[in-house]
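Right, one structure below, let's go through it.
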Amino acid sequence: MKHYLQFADFSADEYAYLFERAALIKHRFKTYEKYQPLTDRTLAMIFEKASTRTRVSFEAGMYQMGGSVVHLTTGDSQLGRAEPIEDSARVISRMTDIVMIRTFEQAKIERFAQYSRVPVINGLTNEFHPCQILADLFTYIEHRGSIAGKTVAWVGDGNNMANTWLQAASILGFTVHVSTPSGYEIDEKLAAGAGAISANSYKFYSNPMDACRGADLVTTDVWTSMGYEAENEARKAAFADWCVNEAMMAVAAPDALFMHCLPAHRGEEVMAEVIDGPQSVVWDEAENRMHVQKALMEYLLLGRIAQ
């Protein structure tokens, strides 16, 4: 049994397999070919943080694969009360086949996984967002081919997305150019997780324009992530020069793509001309959450499929 709690949990070979499976599963979806290998399997989705894309992508994906879904929040279960996480894990994992959790601290999902009898997937924590980076990488491969040897520019907060990009770069052989305002840098020790990043897979730039120079992919996120709303005004002031605009895209590679995990605030972390422009692939990126997660659930439940 395997869990997927951070990007570093899988090898480059496993990711190559998942991208191949995601492409096949997406093709079947697009051609209306019924494919239900997860019939009679149940996914439990546990949300301590609100969600649009995570809920829709996992729920629709599981139904399309023939399975069923149980949706839990802290308001309608014992999770938000006095029951220990360990006890919830023991009970939920006896009644379902796979669990997705979207919560705050990474420690919570790790404690749950420790006592779970079924695979656990990280739908997002404060520290990591592996399913989103899985979708981002698959989207890049769809549009431009292998990401090995390429450069990704991360402009904005040193958050869970940035941490996960660093892990992905080390495992899959590309470079991340990171530019964050002072005081919002990536915690390199945290990003490393279980020693998953190498020093030559990322570079830091104080000027976001320099980070974007020559990049094959430019990506960003909201300035204020969920749970940090009290800092919103301070962050707006600190991040004012970290808005991805047309000038930044102009210094990137001529065929550079733009991505954003959404929701987006036009005029803050990205200009409308960029996110709605010809280099943006955010809508493919959003859809691909569903396809890569279908491949992920299939892999965790059934192992490698021959066809």
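In the structure tokens, chains take the letters A, B, ... in the order shown, each chain's residues start at 1, and ligands count up from 1 in the order shown.
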Need the shell around A:Ile197: protein/DNA/RNA residues with any atom at most 8 Å away, counting only C-alpha atoms. Skip same-chain ones fewer than 4 positions apart. Format as an NGL selection string? :A and (166-167 or 169-171 or 191-192 or 201)
Using C-alpha atoms, can you write the selected residues to a file as a PDB file, in the first residue's frame?
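Generated output (part_23.pdb):
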ATOM      1  CA  LEU A 166      11.122  22.342  -5.823  1.00  0.00           C
ATOM      2  CA  GLN A 167      10.508  18.672  -5.091  1.00  0.00           C
ATOM      3  CA  ALA A 169      12.342  19.782 -10.178  1.00  0.00           C
ATOM      4  CA  SER A 170      14.734  17.598  -8.227  1.00  0.00           C
ATOM      5  CA  ILE A 171      12.930  14.372  -9.140  1.00  0.00           C
ATOM      6  CA  ALA A 191      10.407  22.013   0.945  1.00  0.00           C
ATOM      7  CA  ALA A 192      12.983  19.244   1.050  1.00  0.00           C
ATOM      8  CA  SER A 201      17.508  22.246  -9.262  1.00  0.00           C
TER       9      SER A 201
END
List as a tab-separated table every residue of stretch 46-132 of chain A that is in contact with stretch 144-163 of chain A, defined as an atom at most 7 Å from one of its atoms (using only C-alpha atoms), together with the nearest atom pair and the distance in Å rounded to one decimal, sorted by chain and then rising number.
residue	atom	partner	partner_atom	distance
A:Asn126	CA	A:Asn160	CA	5.8
A:Glu127	CA	A:Asn160	CA	4.4
A:Phe128	CA	A:Asn160	CA	4.2
A:His129	CA	A:Met161	CA	5.7
For the selection just defined, write its residues with N, CA and C atoms to a file, as a PDB file, in the first residue's frame.
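Contents of part_15.pdb, as written:
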ATOM      1  N   ASN A 126      -1.051  23.067   4.082  1.00  0.00           N
ATOM      2  CA  ASN A 126      -0.305  24.326   4.108  1.00  0.00           C
ATOM      3  C   ASN A 126       1.085  24.176   3.500  1.00  0.00           C
ATOM      4  N   GLU A 127       1.642  22.955   3.589  1.00  0.00           N
ATOM      5  CA  GLU A 127       3.024  22.745   3.181  1.00  0.00           C
ATOM      6  C   GLU A 127       3.189  22.253   1.747  1.00  0.00           C
ATOM      7  N   PHE A 128       2.250  21.436   1.253  1.00  0.00           N
ATOM      8  CA  PHE A 128       2.412  20.808  -0.060  1.00  0.00           C
ATOM      9  C   PHE A 128       1.092  20.732  -0.823  1.00  0.00           C
ATOM     10  N   HIS A 129       1.207  20.686  -2.162  1.00  0.00           N
ATOM     11  CA  HIS A 129       0.023  20.534  -3.024  1.00  0.00           C
ATOM     12  C   HIS A 129       0.402  19.636  -4.212  1.00  0.00           C
TER      13      HIS A 129
END
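Interatomic distance, atom CA of A:Pro254 against atom CA of A:Asp221: 22.1 Å.
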Extract, using only C-alpha atoms, all DNA, RNA and protein residues at most 12 Å from A:Trp242, discarding same-chain residues fewer than 4 positions from it, and format them as a PyMOL selection string. chain A and resi 153-157+178-182+184+205-212+219-223+235-238+247-248+267-271
Could you write those residues out with C-alpha atoms, as a short mmCIF file (atom, residue, chain, number, x, y, z; two decimals), in the first residue's frame?
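Output file selection-v1.cif is given in full below:
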data_model
loop_
_atom_site.label_atom_id
_atom_site.label_comp_id
_atom_site.auth_asym_id
_atom_site.auth_seq_id
_atom_site.Cartn_x
_atom_site.Cartn_y
_atom_site.Cartn_z
CA ALA A 153 9.71 30.52 -13.09
CA TRP A 154 7.84 30.71 -9.80
CA VAL A 155 6.76 34.30 -9.05
CA GLY A 156 5.09 35.05 -5.74
CA ASP A 157 4.70 33.46 -2.33
CA VAL A 178 12.09 31.32 -7.57
CA SER A 179 11.33 34.97 -6.88
CA THR A 180 9.51 35.97 -3.70
CA PRO A 181 9.33 39.22 -1.73
CA SER A 182 11.58 39.54 1.29
CA TYR A 184 8.02 35.35 2.09
CA TYR A 205 16.10 35.82 -7.65
CA SER A 206 15.20 39.01 -5.83
CA ASN A 207 13.86 40.50 -9.08
CA PRO A 208 10.91 38.58 -10.59
CA MET A 209 11.85 39.80 -14.07
CA ASP A 210 15.18 38.00 -13.76
CA ALA A 211 13.43 34.82 -12.65
CA CYS A 212 11.25 34.89 -15.77
CA THR A 219 3.54 30.27 -12.89
CA THR A 220 2.15 31.94 -9.80
CA ASP A 221 -0.53 31.72 -7.12
CA VAL A 222 -2.66 34.06 -5.04
CA TRP A 223 -0.75 36.33 -2.70
CA ARG A 235 0.74 40.96 1.58
CA LYS A 236 -0.77 43.23 -1.08
CA ALA A 237 1.83 45.86 -0.24
CA ALA A 238 4.73 43.39 -0.08
CA ALA A 247 6.73 42.40 -19.63
CA MET A 248 7.64 39.30 -17.60
CA GLY A 267 -4.73 42.77 -11.34
CA GLU A 268 -3.06 41.29 -8.26
CA GLU A 269 -0.80 38.26 -8.81
CA VAL A 270 -1.44 38.25 -12.57
CA MET A 271 -2.66 40.72 -15.16
#
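Among the candidates A:Glu83, A:Asp40, A:Glu14, A:Glu59, the one nearest to A:Leu134 when counting only C-alpha atoms is A:Glu14.
For stretch 31-120 of chain A, a DSSP pass over the backbone yields strand (DSSP E or B) at A:Thr42, A:Leu43, A:Ala44, A:Met45, A:Ile46, A:Phe47, A:Ser68, A:Val69, A:Val70, A:His71, A:Leu72, A:Thr73, A:Ile98, A:Val99, A:Met100, A:Ile101, A:Arg102, A:Val120.
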Store the residues of this selection in a file with C-alpha atoms, as a PDB file, in the first residue's frame.
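Output file part_26.pdb is given in full below:
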ATOM      1  CA  THR A  42     -15.384   4.164  -2.482  1.00  0.00           C
ATOM      2  CA  LEU A  43     -13.442   7.401  -2.096  1.00  0.00           C
ATOM      3  CA  ALA A  44     -13.779   9.334   1.167  1.00  0.00           C
ATOM      4  CA  MET A  45     -13.127  13.060   0.679  1.00  0.00           C
ATOM      5  CA  ILE A  46     -12.346  14.967   3.880  1.00  0.00           C
ATOM      6  CA  PHE A  47     -12.367  18.763   3.697  1.00  0.00           C
ATOM      7  CA  SER A  68     -18.629   6.177  -5.398  1.00  0.00           C
ATOM      8  CA  VAL A  69     -17.803   9.099  -3.104  1.00  0.00           C
ATOM      9  CA  VAL A  70     -18.408  10.031   0.530  1.00  0.00           C
ATOM     10  CA  HIS A  71     -17.975  13.750   1.251  1.00  0.00           C
ATOM     11  CA  LEU A  72     -17.050  14.803   4.795  1.00  0.00           C
ATOM     12  CA  THR A  73     -16.339  18.178   6.359  1.00  0.00           C
ATOM     13  CA  ILE A  98      -9.156   5.332  -0.563  1.00  0.00           C
ATOM     14  CA  VAL A  99      -9.106   8.704   1.240  1.00  0.00           C
ATOM     15  CA  MET A 100      -8.401  12.235   0.007  1.00  0.00           C
ATOM     16  CA  ILE A 101      -7.785  14.911   2.648  1.00  0.00           C
ATOM     17  CA  ARG A 102      -7.619  18.692   2.190  1.00  0.00           C
ATOM     18  CA  VAL A 120      -4.344   8.441   1.537  1.00  0.00           C
TER      19      VAL A 120
END
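Using only C-alpha atoms for every distance, the candidate list A:Glu188, A:Glu20, A:Glu110, A:Glu33 yields A:Glu110 as the residue closest to A:Gln6.
Take the candidates A:Glu233, A:Asp97, A:Glu48, A:Glu185 and check each one against A:Thr74 using only C-alpha atoms; the shortest distance goes to A:Glu48.
The residue that comes closest to A:Glu105, out of A:Met259, A:Leu5, A:Ala199, A:Ala89 and on the basis of only C-alpha atoms, is A:Leu5.
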Expressed in Å to a single decimal, how great is the separation between atom CA of A:Thr224 and atom CA of A:Arg289? 21.8 Å
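One distance worth recording is that between atom CA of A:Ala135 and atom CA of A:Gln36, which is 21.0 Å.
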